[in-house]
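These notes concern the structure reproduced below.
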Amino acid sequence: MKFLGSRTFRTQIPTAPLWLGLAGVLPFVWGAISAWSGDLALPIAGWLGTGFVGHVLQLTYGAVILSFMSGVLWGFACKAPKPKAPLFFSLSILPALWAAFLLVSTAPMQLVLLISGFVVLFCLDVMFFSYGLTPDWWLKLRGLLTVLVLACLSITA
């Protein structure tokens, strides 16, 4: 078993994952901006529909990202040692299940539930990283992206 302290951290996140990850944060940024400023949101909402602004965009896109990250974790679970593999495969589906239940929920605090989903996802990232299932730079990237996403969701919530 590898612990977090035994992993080496590369000093640099590879360029493609960094830029693509940051690009993936843009809908969260736009959701926060458009939730804050109705004047900016109105033209987009009128042109593309209300699903492309504010908390609706953040909820929908957030559920997509949680589901996507489940697939990424599933891929990492393929590297797990045989006795631990069922655990990692089971954990990898949690973000997608969370997203599905979030979208069908009528709870008034859906954004808070989405924030919780991203916190749990980061905890899973830490766990998968600590077991050596991810690249060395993974936790740096996921930490950065998680902070940005949580900041955007917190503005809207």
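Chain identifiers are assigned as A, B, and so on, following the order in which chains appear in the structure tokens; residues are numbered from 1 within each chain, and ligands are numbered from 1 in order of appearance.
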Tell me which protein, DNA and RNA residues are within 9 Å of A:Phe122, counting only C-alpha atoms, leaving out same-chain ones fewer than 5 positions away, and put them as a PyMOL selection string. chain A and resi 117+127+139+142-143+146
Based on the selection just made, write N, CA, C and O atoms of those residues as a short mmCIF file (atom, residue, chain, number, x, y, z; two decimals), in the first residue's frame.
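File selection-v8.cif, as written:
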```cif
data_model
loop_
_atom_site.label_atom_id
_atom_site.label_comp_id
_atom_site.auth_asym_id
_atom_site.auth_seq_id
_atom_site.Cartn_x
_atom_site.Cartn_y
_atom_site.Cartn_z
N GLY A 117 -20.72 16.78 -4.00
CA GLY A 117 -20.26 15.78 -4.95
C GLY A 117 -18.83 16.02 -5.40
O GLY A 117 -18.04 15.08 -5.52
N MET A 127 -7.57 9.32 -2.66
CA MET A 127 -7.45 7.89 -2.37
C MET A 127 -6.81 7.14 -3.53
O MET A 127 -5.88 6.35 -3.34
N LEU A 139 -2.91 14.71 -8.72
CA LEU A 139 -3.49 15.41 -7.58
C LEU A 139 -3.29 16.92 -7.67
O LEU A 139 -4.15 17.69 -7.24
N ARG A 142 -6.03 17.97 -10.18
CA ARG A 142 -7.37 17.84 -9.61
C ARG A 142 -7.58 18.83 -8.46
O ARG A 142 -8.67 19.35 -8.30
N GLY A 143 -6.54 19.11 -7.69
CA GLY A 143 -6.67 20.11 -6.63
C GLY A 143 -6.98 21.48 -7.19
O GLY A 143 -7.88 22.17 -6.72
N THR A 146 -10.51 21.49 -8.76
CA THR A 146 -11.55 21.40 -7.74
C THR A 146 -11.74 22.74 -7.02
O THR A 146 -12.87 23.18 -6.80
#
```
Could you tell me, as a VMD selection string, which residues of chain A DSSP assigns to alpha helix (DSSP H) when given the backbone? chain A and resid 15 to 36 38 to 48 54 to 77 85 to 92 94 to 104 110 to 130 138 to 156
Mind dumping a table of every stretch 8-99 of chain A residue within 7 Å of stretch 129-134 of chain A, with the nearest atom pair and its distance in Å to one decimal, using only C-alpha atoms, sorted by chain and rising number, as JSON lines?
```
{"residue": "A:Phe76", "atom": "CA", "partner": "A:Leu133", "partner_atom": "CA", "distance": 5.4}
{"residue": "A:Ala77", "atom": "CA", "partner": "A:Leu133", "partner_atom": "CA", "distance": 7.0}
{"residue": "A:Lys79", "atom": "CA", "partner": "A:Leu133", "partner_atom": "CA", "distance": 6.0}
{"residue": "A:Ala80", "atom": "CA", "partner": "A:Leu133", "partner_atom": "CA", "distance": 6.6}
```
File dump, residues just selected, C-alpha atoms, as an mmCIF file, in the first residue's frame:
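This went into result.cif:
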```
data_model
loop_
_atom_site.group_PDB
_atom_site.id
_atom_site.type_symbol
_atom_site.label_atom_id
_atom_site.label_comp_id
_atom_site.auth_asym_id
_atom_site.auth_seq_id
_atom_site.Cartn_x
_atom_site.Cartn_y
_atom_site.Cartn_z
ATOM 1 C CA PHE A 76 -7.612 4.077 -12.865
ATOM 2 C CA ALA A 77 -9.368 1.210 -11.040
ATOM 3 C CA LYS A 79 -4.671 -0.675 -12.371
ATOM 4 C CA ALA A 80 -5.734 -1.703 -8.854
#
```
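Counting only C-alpha atoms, the residue from A:Ser70, A:Ser37, A:Thr60, A:Gln110 that sits nearest to A:Leu97 is A:Ser70.
All residues of protein, DNA or RNA that reach within 9 Å of stretch 17-26 of chain A, judged by only C-alpha atoms and not counting those fewer than 5 positions away in the chain, are A:Gly31, A:Ile65, A:Leu141, A:Arg142, A:Leu144, A:Leu145, A:Leu148, A:Val149, A:Cys152.
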Output for the residues just chosen: all heavy atoms as a CSV table (one decimal), in the first residue's frame:
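Dumped everything to part-v7.csv:
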```
chain,number,residue,atom,x,y,z
A,31,GLY,N,-21.4,30.2,-15.7
A,31,GLY,CA,-22.6,30.0,-14.8
A,31,GLY,C,-22.6,30.9,-13.6
A,31,GLY,O,-23.6,31.5,-13.3
A,65,ILE,N,-19.7,16.4,-15.7
A,65,ILE,CA,-18.3,16.3,-15.2
A,65,ILE,C,-18.2,15.2,-14.2
A,65,ILE,O,-17.2,14.4,-14.2
A,65,ILE,CB,-17.8,17.7,-14.7
A,65,ILE,CG1,-17.7,18.7,-15.9
A,65,ILE,CG2,-16.4,17.5,-14.1
A,65,ILE,CD1,-16.8,18.2,-17.1
A,141,LEU,N,-3.3,18.6,-10.5
A,141,LEU,CA,-4.3,19.1,-11.4
A,141,LEU,C,-5.7,19.1,-10.8
A,141,LEU,O,-6.4,20.0,-10.9
A,141,LEU,CB,-4.3,18.2,-12.7
A,141,LEU,CG,-5.4,18.5,-13.7
A,141,LEU,CD1,-5.2,19.9,-14.3
A,141,LEU,CD2,-5.4,17.5,-14.8
A,142,ARG,N,-6.0,18.0,-10.2
A,142,ARG,CA,-7.4,17.8,-9.6
A,142,ARG,C,-7.6,18.8,-8.5
A,142,ARG,O,-8.7,19.4,-8.3
A,142,ARG,CB,-7.6,16.4,-9.1
A,142,ARG,CG,-7.7,15.4,-10.3
A,142,ARG,CD,-8.9,15.6,-11.2
A,142,ARG,NE,-10.1,15.6,-10.4
A,142,ARG,CZ,-11.0,16.6,-10.5
A,142,ARG,NH1,-11.0,17.5,-11.3
A,142,ARG,NH2,-12.1,16.5,-9.7
A,144,LEU,N,-6.2,21.9,-8.2
A,144,LEU,CA,-6.4,23.2,-8.9
A,144,LEU,C,-7.8,23.3,-9.4
A,144,LEU,O,-8.6,24.2,-9.2
A,144,LEU,CB,-5.4,23.4,-10.0
A,144,LEU,CG,-5.6,24.6,-10.9
A,144,LEU,CD1,-5.5,25.9,-10.1
A,144,LEU,CD2,-4.7,24.5,-12.1
A,145,LEU,N,-8.2,22.3,-10.2
A,145,LEU,CA,-9.6,22.3,-10.8
A,145,LEU,C,-10.7,22.3,-9.8
A,145,LEU,O,-11.7,23.0,-10.0
A,145,LEU,CB,-9.7,21.2,-11.8
A,145,LEU,CG,-8.7,21.2,-13.0
A,145,LEU,CD1,-8.9,20.0,-13.9
A,145,LEU,CD2,-8.8,22.5,-13.8
A,148,LEU,N,-11.2,25.7,-8.2
A,148,LEU,CA,-11.8,26.6,-9.2
A,148,LEU,C,-13.3,26.3,-9.3
A,148,LEU,O,-14.2,27.2,-9.3
A,148,LEU,CB,-11.1,26.6,-10.5
A,148,LEU,CG,-9.7,27.1,-10.6
A,148,LEU,CD1,-9.1,26.8,-12.0
A,148,LEU,CD2,-9.7,28.6,-10.2
A,149,VAL,N,-13.7,25.1,-9.4
A,149,VAL,CA,-15.1,24.7,-9.6
A,149,VAL,C,-15.8,25.0,-8.3
A,149,VAL,O,-16.9,25.6,-8.4
A,149,VAL,CB,-15.2,23.2,-9.9
A,149,VAL,CG1,-16.6,22.7,-9.7
A,149,VAL,CG2,-14.7,22.9,-11.3
A,152,CYS,N,-16.6,28.7,-8.1
A,152,CYS,CA,-17.6,29.1,-9.0
A,152,CYS,C,-19.0,28.7,-8.5
A,152,CYS,O,-20.0,29.5,-8.5
A,152,CYS,CB,-17.4,28.5,-10.4
A,152,CYS,SG,-16.0,29.2,-11.3
```
